$ cat my_file.cif   # mmCIF, C-alpha atoms
data_coords
#
loop_
_atom_site.group_PDB
_atom_site.id
_atom_site.type_symbol
_atom_site.label_atom_id
_atom_site.label_comp_id
_atom_site.auth_asym_id
_atom_site.auth_seq_id
_atom_site.Cartn_x
_atom_site.Cartn_y
_atom_site.Cartn_z
ATOM 1 C CA MET A 1 86.312 88.388 44.899
ATOM 2 C CA ASN A 2 85.845 90.357 41.671
ATOM 3 C CA PRO A 3 88.478 92.905 40.616
ATOM 4 C CA GLN A 4 86.294 95.927 41.472
ATOM 5 C CA ALA A 5 85.648 94.718 45.014
ATOM 6 C CA ARG A 6 89.346 93.950 45.442
ATOM 7 C CA ARG A 7 90.278 97.503 44.404
ATOM 8 C CA SER A 8 87.762 98.919 46.893
ATOM 9 C CA TRP A 9 89.251 96.903 49.734
ATOM 10 C CA ILE A 10 92.766 97.977 48.761
ATOM 11 C CA ALA A 11 91.681 101.626 48.758
ATOM 12 C CA ILE A 12 90.044 101.265 52.178
ATOM 13 C CA GLY A 13 93.175 99.599 53.537
ATOM 14 C CA ALA A 14 95.346 102.446 52.263
ATOM 15 C CA ILE A 15 93.119 105.031 53.963
ATOM 16 C CA VAL A 16 93.299 103.137 57.248
ATOM 17 C CA VAL A 17 97.102 103.006 57.041
ATOM 18 C CA VAL A 18 97.279 106.788 56.464
ATOM 19 C CA ILE A 19 94.957 107.519 59.405
ATOM 20 C CA VAL A 20 96.920 105.251 61.758
ATOM 21 C CA ALA A 21 100.220 106.798 60.652
ATOM 22 C CA ALA A 22 98.842 110.309 61.274
ATOM 23 C CA LEU A 23 97.726 109.344 64.772
ATOM 24 C CA ILE A 24 101.151 107.903 65.547
ATOM 25 C CA VAL A 25 102.860 111.114 64.366
ATOM 26 C CA ASN A 26 100.479 113.268 66.431
ATOM 27 C CA ARG A 27 101.072 111.198 69.561
ATOM 28 C CA ALA A 28 104.836 111.271 69.029
ATOM 29 C CA THR A 29 104.754 115.047 68.582
ATOM 30 C CA ALA A 30 102.678 115.496 71.706
ATOM 31 C CA SER A 31 105.032 113.289 73.712
ATOM 32 C CA LYS A 32 108.000 115.309 72.518
ATOM 33 C CA HIS A 33 106.451 118.591 73.650
ATOM 34 C CA ASP A 34 105.108 117.144 76.891
ATOM 35 C CA SER A 35 108.576 115.908 77.817
ATOM 36 C CA GLY A 36 109.786 119.504 77.758
ATOM 37 C CA THR A 37 111.786 119.358 74.515
ATOM 38 C CA LEU A 38 111.979 122.653 72.635
ATOM 39 C CA SER A 39 112.309 122.501 68.849
ATOM 40 C CA ALA A 40 113.793 125.947 68.270
ATOM 41 C CA SER A 41 116.874 126.827 66.240
ATOM 42 C CA ALA A 42 120.038 127.837 68.071
ATOM 43 C CA SER A 43 120.297 130.975 65.931
ATOM 44 C CA GLN A 44 116.807 132.119 66.912
ATOM 45 C CA ILE A 45 117.525 131.480 70.591
ATOM 46 C CA ALA A 46 120.744 133.491 70.331
ATOM 47 C CA LEU A 47 119.026 136.347 68.466
ATOM 48 C CA ALA A 48 116.211 136.658 71.015
ATOM 49 C CA ASN A 49 118.797 136.649 73.830
ATOM 50 C CA LEU A 50 116.279 135.887 76.555
ATOM 51 C CA PRO A 51 117.497 135.474 80.144
ATOM 52 C CA ASP A 52 117.533 132.046 81.740
ATOM 53 C CA CYS A 53 114.280 130.809 83.191
ATOM 54 C CA PRO A 54 113.883 130.566 86.980
ATOM 55 C CA THR A 55 115.186 127.436 88.666
ATOM 56 C CA THR A 56 112.420 125.234 90.077
ATOM 57 C CA THR A 57 112.562 121.991 92.032
ATOM 58 C CA GLY A 58 109.865 119.965 90.309
ATOM 59 C CA SER A 59 107.930 119.408 93.529
ATOM 60 C CA GLY A 60 105.886 121.271 96.109
ATOM 61 C CA LYS A 61 102.493 121.884 94.491
ATOM 62 C CA VAL A 62 100.311 124.058 96.718
ATOM 63 C CA ASP A 63 96.546 124.561 96.934
ATOM 64 C CA GLY A 64 95.570 127.410 94.664
ATOM 65 C CA GLY A 65 98.944 127.367 92.925
ATOM 66 C CA LEU A 66 99.942 126.769 89.334
ATOM 67 C CA PRO A 67 99.202 123.366 87.771
ATOM 68 C CA ALA A 68 101.761 120.564 87.550
ATOM 69 C CA LEU A 69 103.116 121.422 84.106
ATOM 70 C CA THR A 70 106.759 121.279 83.072
ATOM 71 C CA LEU A 71 107.538 123.639 80.185
ATOM 72 C CA PRO A 72 110.763 124.169 78.216
ATOM 73 C CA CYS A 73 112.558 127.493 78.453
ATOM 74 C CA LEU A 74 112.600 129.612 75.293
ATOM 75 C CA GLY A 75 116.086 130.767 76.211
ATOM 76 C CA ASN A 76 119.002 128.592 77.263
ATOM 77 C CA GLY A 77 117.751 128.044 80.790
ATOM 78 C CA PRO A 78 116.224 125.048 82.540
ATOM 79 C CA LYS A 79 112.723 123.669 82.159
ATOM 80 C CA VAL A 80 110.242 125.280 84.518
ATOM 81 C CA HIS A 81 108.061 123.184 86.831
ATOM 82 C CA LEU A 82 105.191 125.620 87.235
ATOM 83 C CA ALA A 83 103.742 123.972 90.345
ATOM 84 C CA SER A 84 106.929 124.678 92.294
ATOM 85 C CA LEU A 85 107.256 128.310 91.186
ATOM 86 C CA ARG A 86 107.148 130.705 94.130
ATOM 87 C CA GLY A 87 106.492 134.402 93.967
ATOM 88 C CA PRO A 88 106.245 137.183 94.038
ATOM 89 C CA PHE A 89 105.813 136.511 90.319
ATOM 90 C CA VAL A 90 103.833 137.815 87.372
ATOM 91 C CA VAL A 91 103.092 135.070 84.828
ATOM 92 C CA ASN A 92 101.842 136.341 81.476
ATOM 93 C CA ILE A 93 100.294 133.934 78.936
ATOM 94 C CA TRP A 94 100.601 135.260 75.406
ATOM 95 C CA ALA A 95 101.300 134.386 71.756
ATOM 96 C CA GLY A 96 102.884 136.173 68.816
ATOM 97 C CA PRO A 97 99.764 136.079 66.564
ATOM 98 C CA CYS A 98 97.612 137.625 69.340
ATOM 99 C CA PRO A 99 97.208 141.410 68.708
ATOM 100 C CA PRO A 100 96.348 142.462 72.306
ATOM 101 C CA CYS A 101 99.264 140.353 73.562
ATOM 102 C CA LYS A 102 101.656 142.313 71.387
ATOM 103 C CA LEU A 103 100.128 145.626 72.454
ATOM 104 C CA GLU A 104 100.642 144.922 76.164
ATOM 105 C CA ALA A 105 104.081 143.290 75.784
ATOM 106 C CA PRO A 106 106.092 146.566 76.004
ATOM 107 C CA LEU A 107 104.283 147.360 79.272
ATOM 108 C CA ILE A 108 105.354 144.017 80.711
ATOM 109 C CA GLN A 109 108.926 144.634 79.590
ATOM 110 C CA GLN A 110 108.843 148.075 81.246
ATOM 111 C CA PHE A 111 107.541 146.501 84.448
ATOM 112 C CA TYR A 112 110.192 143.761 84.327
ATOM 113 C CA ALA A 113 112.973 146.338 84.084
ATOM 114 C CA ALA A 114 111.570 148.337 87.006
ATOM 115 C CA ALA A 115 110.762 145.337 89.203
ATOM 116 C CA LYS A 116 114.053 143.419 89.046
ATOM 117 C CA GLY A 117 114.918 142.050 92.454
ATOM 118 C CA LYS A 118 111.387 142.690 93.734
ATOM 119 C CA VAL A 119 108.965 140.794 91.466
ATOM 120 C CA GLY A 120 109.771 138.117 88.896
ATOM 121 C CA VAL A 121 108.217 137.939 85.431
ATOM 122 C CA LEU A 122 107.677 134.798 83.369
ATOM 123 C CA GLY A 123 106.170 134.753 79.894
ATOM 124 C CA VAL A 124 104.287 131.619 78.813
ATOM 125 C CA VAL A 125 103.841 131.363 75.050
ATOM 126 C CA ASP A 126 100.577 129.605 74.202
ATOM 127 C CA GLY A 127 101.462 127.331 71.284
ATOM 128 C CA ALA A 128 97.843 126.367 70.717
ATOM 129 C CA TYR A 129 96.926 129.918 69.633
ATOM 130 C CA PRO A 130 98.748 128.862 67.279
ATOM 131 C CA ASP A 131 102.407 129.721 67.714
ATOM 132 C CA ASP A 132 105.691 127.816 67.490
ATOM 133 C CA PRO A 133 109.016 128.270 69.287
ATOM 134 C CA ASN A 134 110.852 129.998 66.423
ATOM 135 C CA ASP A 135 107.962 132.394 65.769
ATOM 136 C CA ALA A 136 107.729 133.094 69.504
ATOM 137 C CA LEU A 137 111.437 133.903 69.641
ATOM 138 C CA ASN A 138 111.071 136.155 66.578
ATOM 139 C CA ALA A 139 108.160 137.950 68.229
ATOM 140 C CA SER A 140 110.106 138.377 71.486
ATOM 141 C CA HIS A 141 113.055 139.851 69.599
ATOM 142 C CA GLY A 142 110.857 142.111 67.467
ATOM 143 C CA LEU A 143 108.989 143.440 70.485
ATOM 144 C CA GLY A 144 112.174 143.967 72.499
ATOM 145 C CA LEU A 145 111.195 141.529 75.243
ATOM 146 C CA HIS A 146 113.983 140.520 77.618
ATOM 147 C CA TYR A 147 112.236 138.596 80.379
ATOM 148 C CA PRO A 148 112.311 134.789 80.787
ATOM 149 C CA SER A 149 109.748 132.843 78.786
ATOM 150 C CA VAL A 150 108.654 129.226 78.392
ATOM 151 C CA PHE A 151 106.733 127.464 75.624
ATOM 152 C CA ASP A 152 103.388 125.746 76.240
ATOM 153 C CA ALA A 153 102.928 123.736 73.037
ATOM 154 C CA HIS A 154 99.345 122.639 73.652
ATOM 155 C CA GLY A 155 98.043 125.647 75.585
ATOM 156 C CA LYS A 156 97.548 123.601 78.736
ATOM 157 C CA LEU A 157 98.162 126.408 81.217
ATOM 158 C CA VAL A 158 95.403 128.706 79.979
ATOM 159 C CA GLU A 159 93.066 125.718 79.950
ATOM 160 C CA GLN A 160 93.965 124.528 83.443
ATOM 161 C CA VAL A 161 93.659 127.965 85.042
ATOM 162 C CA ARG A 162 90.249 128.161 83.328
ATOM 163 C CA SER A 163 90.915 131.397 81.537
ATOM 164 C CA SER A 164 88.624 132.417 78.686
ATOM 165 C CA GLY A 165 91.554 133.354 76.454
ATOM 166 C CA ILE A 166 94.793 135.261 76.064
ATOM 167 C CA PRO A 167 96.423 137.423 77.133
ATOM 168 C CA THR A 168 96.039 136.240 80.706
ATOM 169 C CA THR A 169 98.205 137.477 83.564
ATOM 170 C CA LEU A 170 98.539 135.533 86.823
ATOM 171 C CA PHE A 171 99.804 137.001 90.098
ATOM 172 C CA LEU A 172 101.687 134.534 92.275
ATOM 173 C CA ASP A 173 102.441 135.243 95.943
ATOM 174 C CA ALA A 174 105.457 134.120 97.973
ATOM 175 C CA GLY A 175 103.697 130.902 98.974
ATOM 176 C CA GLY A 176 103.044 129.935 95.353
ATOM 177 C CA LYS A 177 99.326 130.745 95.360
ATOM 178 C CA VAL A 178 97.655 132.504 92.429
ATOM 179 C CA VAL A 179 96.061 135.466 94.198
ATOM 180 C CA HIS A 180 94.648 137.192 91.121
ATOM 181 C CA THR A 181 93.988 136.455 87.441
ATOM 182 C CA LYS A 182 93.700 139.265 84.912
ATOM 183 C CA VAL A 183 92.142 138.228 81.593
ATOM 184 C CA GLY A 184 92.567 140.644 78.708
ATOM 185 C CA GLN A 185 94.975 143.343 77.653
ATOM 186 C CA LEU A 186 96.825 145.293 80.325
ATOM 187 C CA LYS A 187 96.600 149.062 80.113
ATOM 188 C CA PRO A 188 99.452 151.501 80.914
ATOM 189 C CA GLY A 189 100.148 151.554 84.640
ATOM 190 C CA GLU A 190 97.706 148.720 85.363
ATOM 191 C CA LEU A 191 100.296 146.007 85.962
ATOM 192 C CA GLY A 192 102.082 148.004 88.660
ATOM 193 C CA GLU A 193 98.768 148.788 90.360
ATOM 194 C CA LEU A 194 97.680 145.136 90.336
ATOM 195 C CA VAL A 195 101.027 144.042 91.777
ATOM 196 C CA LYS A 196 100.689 146.642 94.517
ATOM 197 C CA GLN A 197 97.112 145.587 95.255
ATOM 198 C CA TYR A 198 97.495 141.803 95.186
ATOM 199 C CA LEU A 199 101.178 141.226 96.001
ATOM 200 C CA GLY A 200 101.695 144.216 98.292
ATOM 201 C CA ILE A 201 104.764 145.450 96.414
ATOM 202 C CA ASP A 202 105.204 148.930 94.950
ATOM 203 C CA VAL A 203 107.773 148.882 92.166
ATOM 204 C CA GLY A 204 106.982 152.385 90.927
ATOM 205 C CA ALA A 205 105.940 151.221 87.454
#
$ encode --input "my_file.cif" --output "structure tokens"
Amino acid sequence: MNPQARRSWIAIGAIVVVIVAALIVNRATASKHDSGTLSASASQIALANLPDCPTTTGSGKVDGGLPALTLPCLGNGPKVHLASLRGPFVVNIWAGPCPPCKLEAPLIQQFYAAAKGKVGVLGVVDGAYPDDPNDALNASHGLGLHYPSVFDAHGKLVEQVRSSGIPTTLFLDAGGKVVHTKVGQLKPGELGELVKQYLGIDVGA
């Protein structure tokens, strides 16, 4: 083999090694997120001061309910097994870089404060928007959000509920069934009206 051909083969081999290494890193990263591990700093978690996420059993998927996804809590609470979440619950899918998400966020916080003990609220940060746990915690703190939130690194929830984008708000009844899906920004007073209409609960918000 002449020297020029040898150099070409060496260069090709180096490219192959880089590609394989990148694939290994991507798969390792995906496995880490899929296992429910949250890579957020303790200081950011403390600053955001989010309440613990709801306790779920990890079983009990129902027809028409949330998909079988396990997502890490953005606060200090447990992982959430979405398929075993039972309502009444409002589940809002959002991300920090999403302008309409940030515009509706104070309305969700207002609803959460008014609905305590009647209707639960869970935020799901869509990491594929893109967003990352520390940025999501910063956004939560900056917007004054104090309801439980989880992190969906690959945006699987919005994909599996077949939403066209974010923000998306899901309304979950006591049996765990999604009875309504609202795609797009919530307007003032709309969340309370939708909860009254689809969950049969008037929280006065």
$ residues_around --input "my_file.cif" --residues "Thr168 in chain A" --least-positions-apart "2" --cutoff "6 Å" --atoms "all atoms listed in the file" --output "number ranges by chain"
A: 92-93, 166, 182-184
$ closest_residue --input "my_file.cif" --among "A:Pro188, A:Gly123, A:Pro51, A:Gly75" --to "His146 in chain A" --atoms "all atoms listed in the file"
A:Pro51
$ closest_residue --input "my_file.cif" --among "A:Gln197, A:Thr57, A:Ser43, A:Thr70" --to "Asp173 in chain A" --atoms "all atoms listed in the file"
A:Gln197
$ closest_residue --input "my_file.cif" --among "A:Ala40, A:Val91, A:Ile45, A:Cys101" --to "Leu66 in chain A" --atoms "all atoms listed in the file"
A:Val91
$ residues_around --input "my_file.cif" --residues "Glu193 in chain A" --least-positions-apart "4" --cutoff "12 Å" --atoms "all atoms listed in the file" --output "PyMOL selection string"
chain A and resi 111+171+186-189+197-205
$ residues_near_point --input "my_file.cif" --point "(104.6, 133.3, 65.6)" --cutoff "12 Å" --atoms "all atoms listed in the file" --output "PyMOL selection string"
chain A and resi 94-99+101-102+125-142+151
$ atom_distance --input "my_file.cif" --atom1 "CA of Thr169 in chain A" --atom2 "CA of Pro54 in chain A"
17.5 Å
$ resolve_selection --input "my_file.cif" --expression "the PyMOL selection byres ((chain A and resi 61) around 12)" --output "PyMOL selection string"
chain A and resi 56-60+62-69+81-86+175-178
$ write_last_selection --input "my_file.cif" --atoms "C-alpha atoms" --output "mmCIF file, keeping the file's coordinate frame"
data_model
loop_
_atom_site.group_PDB
_atom_site.id
_atom_site.type_symbol
_atom_site.label_atom_id
_atom_site.label_comp_id
_atom_site.auth_asym_id
_atom_site.auth_seq_id
_atom_site.Cartn_x
_atom_site.Cartn_y
_atom_site.Cartn_z
ATOM 1 C CA THR A 56 112.420 125.234 90.077
ATOM 2 C CA THR A 57 112.562 121.991 92.032
ATOM 3 C CA GLY A 58 109.865 119.965 90.309
ATOM 4 C CA SER A 59 107.930 119.408 93.529
ATOM 5 C CA GLY A 60 105.886 121.271 96.109
ATOM 6 C CA VAL A 62 100.311 124.058 96.718
ATOM 7 C CA ASP A 63 96.546 124.561 96.934
ATOM 8 C CA GLY A 64 95.570 127.410 94.664
ATOM 9 C CA GLY A 65 98.944 127.367 92.925
ATOM 10 C CA LEU A 66 99.942 126.769 89.334
ATOM 11 C CA PRO A 67 99.202 123.366 87.771
ATOM 12 C CA ALA A 68 101.761 120.564 87.550
ATOM 13 C CA LEU A 69 103.116 121.422 84.106
ATOM 14 C CA HIS A 81 108.061 123.184 86.831
ATOM 15 C CA LEU A 82 105.191 125.620 87.235
ATOM 16 C CA ALA A 83 103.742 123.972 90.345
ATOM 17 C CA SER A 84 106.929 124.678 92.294
ATOM 18 C CA LEU A 85 107.256 128.310 91.186
ATOM 19 C CA ARG A 86 107.148 130.705 94.130
ATOM 20 C CA GLY A 175 103.697 130.902 98.974
ATOM 21 C CA GLY A 176 103.044 129.935 95.353
ATOM 22 C CA LYS A 177 99.326 130.745 95.360
ATOM 23 C CA VAL A 178 97.655 132.504 92.429
#
$ atom_distance --input "my_file.cif" --atom1 "CA of Leu103 in chain A" --atom2 "CA of Gly155 in chain A"
20.3 Å
$ closest_residue --input "my_file.cif" --among "A:Leu38, A:Ala113, A:Leu122, A:Leu107" --to "Gln185 in chain A" --atoms "only C-alpha atoms"
A:Leu107
$ atom_distance --input "my_file.cif" --atom1 "CA of Lys79 in chain A" --atom2 "CA of Val124 in chain A"
12.1 Å
$ axis_aligned_box --input "my_file.cif" --around "range 59-78 of chain A" --padding-each-side "6 Å" --output "AutoDock Vina command-line options"
--center_x 107.3 --center_y 125.1 --center_z 86.1 --size_x 35.4 --size_y 23.4 --size_z 33.6
